[in-house]
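Asks: Supplied in structure tokens, the structure appears directly below.
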Amino acid sequence: MTTKKFSNALGNIGENYVDEAITFTSKKKSNVWIKWGALAACFLFVITLMVPFIYLGQDKLPTEDMQIIEYNNFYYEVCDDKSVLKKFGIEKSITEDSAGEIITYLAKKHPGGKSQYVATEEKTNIILFSYAKTPCEAIYVICDNGKYDAVLFCNFVVLDTDAVSLDKLYSLYGIEEGADISSISVVDNRTGKKVTGATLTDAKIIHDFYVFSLKLVDYTFSDYHEMNYGHIKTEEELVEAYDKTSDSKITIRIETKDGLRFYLEYDADGGWIYSSGSMRHYKVTTEISQWFENHIGVN
């Protein structure tokens, strides 16, 4: 699978992901996530449109064809697709001028194999740089044998038992206060590229969202699934339930003052916010539900 096809799957749930949910119902509390399974889902939102994620009949993980970097307890994807870069607020042409300070040297995890990189203390011809335009932990630049590409944050490397608050996600993009967010927009659920609803720029409204969201308690996929779908016994009913959830959700795009973008899912009926970056579901409170009703028009 190419970078473009994988990255464009952001916001699209695959049939294999529903299969995971079905498997979970039979395994109860067992952990259905494995390391690369979690990575494969790093661009997937749990509650979204039922669009095939990998080729039908393909029996290998999509990550096998990706350029993945594991660094500092985060997973990143090397991306050279201009439309994807634009979607996340990154320069469409990554050159030597895009590279800032050297972060670390990289080596292939399996020399001669797929492009899975890890940090190394040895000097190599693969270098990870900060992103000169907007230095932060969410975006880096890689130079692999003279070729420069953007490196996009996928998700945290965390245990199922770890708590991942939204402020950890915000800080990756340089957001330390509400003023660091320039706008919040409602965008197309499937691609996230087209604004389909309100665009909020009022500083007080954005500040309120930021403060309210920091109070949300996170739940793992296992807990979320058990709380919402654990009573469902059949595959048909489960697919129907997830499909119903997808109809009630909206996607919001958060843009930083430096122009970087990331996305959250809001399930109004169920009362959840989901982040693919943290791979956590956040239970909505009354105050943030009221915020969406007042400013987004969703209740």
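FYI, nothing fancy with the structure tokens labels: chains A, B, ... in order, residues from 1 per chain, ligands from 1 as they appear.
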Please identify all polymer residues within 8 Å of Val298 of chain A, counting only C-alpha atoms, omitting same-chain residues fewer than 5 positions from it, and present them as a list in words.
Replies: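 After dropping sequence-adjacent residues, the list is Ala268, Phe292 and Glu293 of chain A.
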Asks: For segment 139-153 of chain A, list every protein, DNA or RNA residue within 8 Å, evaluated using only C-alpha atoms, and leave out those in the same chain fewer than 6 positions away; present the list as a PyMOL selection string.
Replies: chain A and resi 74-80+85+94-96+98-99+125-131+277
Asks: Looking at A:Val186, A:Ala198, A:Val284, A:Val211, which one is nearest to Ile254 of chain A, with distances taken over only C-alpha atoms?
Replies: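 Among the listed residues, A:Val186 lies closest to Ile254 of chain A.
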Asks: I want to know what sits within 7 Å of segment 167-180 of chain A, based on only C-alpha atoms, with residues of the same chain fewer than 5 positions away left out; could you give that as a list in words?
Replies: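 These residues fall inside the cut-off: Cys136, Glu137, Ala138, Ala203, Ile206, His207, Tyr210, Leu214, Thr256, Lys257, Gly277 and Ser278 of chain A.
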Asks: Using the selection just defined, write its residues with all heavy atoms as a PDB file, in the first residue's frame.
Replies:
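Saved result, out.pdb, follows:
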ATOM      1  N   CYS A 136       8.356  21.192  16.318  1.00  0.00           N
ATOM      2  CA  CYS A 136       7.525  20.547  17.331  1.00  0.00           C
ATOM      3  C   CYS A 136       7.710  19.050  17.185  1.00  0.00           C
ATOM      4  O   CYS A 136       8.374  18.571  16.269  1.00  0.00           O
ATOM      5  CB  CYS A 136       6.050  20.944  17.196  1.00  0.00           C
ATOM      6  SG  CYS A 136       5.265  20.325  15.690  1.00  0.00           S
ATOM      7  N   GLU A 137       7.101  18.282  18.065  1.00  0.00           N
ATOM      8  CA  GLU A 137       7.262  16.829  18.037  1.00  0.00           C
ATOM      9  C   GLU A 137       6.298  16.136  17.086  1.00  0.00           C
ATOM     10  O   GLU A 137       6.415  14.939  16.856  1.00  0.00           O
ATOM     11  CB  GLU A 137       7.089  16.253  19.439  1.00  0.00           C
ATOM     12  CG  GLU A 137       8.201  16.612  20.393  1.00  0.00           C
ATOM     13  CD  GLU A 137       8.024  15.943  21.743  1.00  0.00           C
ATOM     14  OE1 GLU A 137       7.185  16.448  22.522  1.00  0.00           O
ATOM     15  OE2 GLU A 137       8.692  14.931  22.009  1.00  0.00           O
ATOM     16  N   ALA A 138       5.350  16.871  16.537  1.00  0.00           N
ATOM     17  CA  ALA A 138       4.359  16.248  15.653  1.00  0.00           C
ATOM     18  C   ALA A 138       4.854  16.090  14.227  1.00  0.00           C
ATOM     19  O   ALA A 138       4.420  15.185  13.512  1.00  0.00           O
ATOM     20  CB  ALA A 138       3.067  17.055  15.657  1.00  0.00           C
ATOM     21  N   ALA A 203     -11.417  33.773  20.085  1.00  0.00           N
ATOM     22  CA  ALA A 203     -10.444  33.307  21.069  1.00  0.00           C
ATOM     23  C   ALA A 203     -11.108  32.732  22.320  1.00  0.00           C
ATOM     24  O   ALA A 203     -10.640  31.717  22.870  1.00  0.00           O
ATOM     25  CB  ALA A 203      -9.514  34.455  21.448  1.00  0.00           C
ATOM     26  N   ILE A 206     -12.670  29.248  21.525  1.00  0.00           N
ATOM     27  CA  ILE A 206     -11.609  28.254  21.380  1.00  0.00           C
ATOM     28  C   ILE A 206     -10.994  27.936  22.739  1.00  0.00           C
ATOM     29  O   ILE A 206     -10.715  26.769  23.060  1.00  0.00           O
ATOM     30  CB  ILE A 206     -10.542  28.746  20.397  1.00  0.00           C
ATOM     31  CG1 ILE A 206     -11.119  28.784  18.977  1.00  0.00           C
ATOM     32  CG2 ILE A 206      -9.302  27.857  20.447  1.00  0.00           C
ATOM     33  CD1 ILE A 206     -10.183  29.368  17.944  1.00  0.00           C
ATOM     34  N   HIS A 207     -10.785  28.961  23.541  1.00  0.00           N
ATOM     35  CA  HIS A 207     -10.229  28.745  24.885  1.00  0.00           C
ATOM     36  C   HIS A 207     -11.128  27.818  25.698  1.00  0.00           C
ATOM     37  O   HIS A 207     -10.634  26.917  26.392  1.00  0.00           O
ATOM     38  CB  HIS A 207     -10.071  30.084  25.603  1.00  0.00           C
ATOM     39  CG  HIS A 207      -9.697  29.947  27.056  1.00  0.00           C
ATOM     40  ND1 HIS A 207      -8.415  29.664  27.462  1.00  0.00           N
ATOM     41  CD2 HIS A 207     -10.461  30.025  28.189  1.00  0.00           C
ATOM     42  CE1 HIS A 207      -8.392  29.583  28.787  1.00  0.00           C
ATOM     43  NE2 HIS A 207      -9.613  29.799  29.246  1.00  0.00           N
ATOM     44  N   TYR A 210     -10.678  24.241  24.593  1.00  0.00           N
ATOM     45  CA  TYR A 210      -9.396  23.734  25.068  1.00  0.00           C
ATOM     46  C   TYR A 210      -9.479  23.346  26.543  1.00  0.00           C
ATOM     47  O   TYR A 210      -9.088  22.235  26.930  1.00  0.00           O
ATOM     48  CB  TYR A 210      -8.319  24.791  24.850  1.00  0.00           C
ATOM     49  CG  TYR A 210      -6.980  24.446  25.452  1.00  0.00           C
ATOM     50  CD1 TYR A 210      -6.139  23.521  24.838  1.00  0.00           C
ATOM     51  CD2 TYR A 210      -6.557  25.047  26.638  1.00  0.00           C
ATOM     52  CE1 TYR A 210      -4.903  23.201  25.391  1.00  0.00           C
ATOM     53  CE2 TYR A 210      -5.320  24.735  27.201  1.00  0.00           C
ATOM     54  CZ  TYR A 210      -4.506  23.807  26.570  1.00  0.00           C
ATOM     55  OH  TYR A 210      -3.290  23.490  27.125  1.00  0.00           O
ATOM     56  N   LEU A 214      -9.541  19.329  28.216  1.00  0.00           N
ATOM     57  CA  LEU A 214      -8.498  18.844  29.116  1.00  0.00           C
ATOM     58  C   LEU A 214      -9.067  18.059  30.293  1.00  0.00           C
ATOM     59  O   LEU A 214      -8.357  17.266  30.918  1.00  0.00           O
ATOM     60  CB  LEU A 214      -7.666  20.015  29.648  1.00  0.00           C
ATOM     61  CG  LEU A 214      -6.798  20.766  28.636  1.00  0.00           C
ATOM     62  CD1 LEU A 214      -6.021  21.876  29.333  1.00  0.00           C
ATOM     63  CD2 LEU A 214      -5.840  19.822  27.928  1.00  0.00           C
ATOM     64  N   THR A 256      -3.388  24.946  14.464  1.00  0.00           N
ATOM     65  CA  THR A 256      -2.585  25.710  15.404  1.00  0.00           C
ATOM     66  C   THR A 256      -2.258  27.092  14.842  1.00  0.00           C
ATOM     67  O   THR A 256      -2.438  27.353  13.658  1.00  0.00           O
ATOM     68  CB  THR A 256      -1.270  24.975  15.724  1.00  0.00           C
ATOM     69  OG1 THR A 256      -0.392  25.070  14.588  1.00  0.00           O
ATOM     70  CG2 THR A 256      -1.521  23.510  16.041  1.00  0.00           C
ATOM     71  N   LYS A 257      -1.755  27.951  15.696  1.00  0.00           N
ATOM     72  CA  LYS A 257      -1.380  29.302  15.257  1.00  0.00           C
ATOM     73  C   LYS A 257      -0.253  29.264  14.229  1.00  0.00           C
ATOM     74  O   LYS A 257      -0.049  30.228  13.485  1.00  0.00           O
ATOM     75  CB  LYS A 257      -0.981  30.150  16.459  1.00  0.00           C
ATOM     76  CG  LYS A 257       0.258  29.652  17.188  1.00  0.00           C
ATOM     77  CD  LYS A 257       0.588  30.520  18.388  1.00  0.00           C
ATOM     78  CE  LYS A 257       1.851  30.023  19.096  1.00  0.00           C
ATOM     79  NZ  LYS A 257       2.162  30.849  20.286  1.00  0.00           N
ATOM     80  N   GLY A 277      -4.612   9.894  17.273  1.00  0.00           N
ATOM     81  CA  GLY A 277      -3.253  10.084  17.756  1.00  0.00           C
ATOM     82  C   GLY A 277      -3.013   9.417  19.100  1.00  0.00           C
ATOM     83  O   GLY A 277      -1.984   8.785  19.327  1.00  0.00           O
ATOM     84  N   SER A 278      -3.963   9.558  20.000  1.00  0.00           N
ATOM     85  CA  SER A 278      -3.841   8.932  21.309  1.00  0.00           C
ATOM     86  C   SER A 278      -4.435   7.533  21.312  1.00  0.00           C
ATOM     87  O   SER A 278      -4.184   6.753  22.231  1.00  0.00           O
ATOM     88  CB  SER A 278      -4.541   9.788  22.370  1.00  0.00           C
ATOM     89  OG  SER A 278      -5.947   9.806  22.147  1.00  0.00           O
TER      90      SER A 278
END
Asks: Can you tell me, as an MDAnalysis selection string, which residues in segment 56-269 of chain A count as alpha helix (DSSP H) by DSSP?
Replies: chainID A and resid 82:87 166:172 203:214 221:229 235:248
Asks: Calculate how many Å separate atom CA of Thr191 of chain A from atom CA of Lys204 of chain A, rounding to one decimal.
Replies: 28.2 Å
Asks: Calculate how many Å separate atom CA of Ser165 of chain A from atom CA of Pro135 of chain A, rounding to one decimal.
Replies: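 Between atom CA of Ser165 of chain A and atom CA of Pro135 of chain A the gap works out to 21.9 Å.
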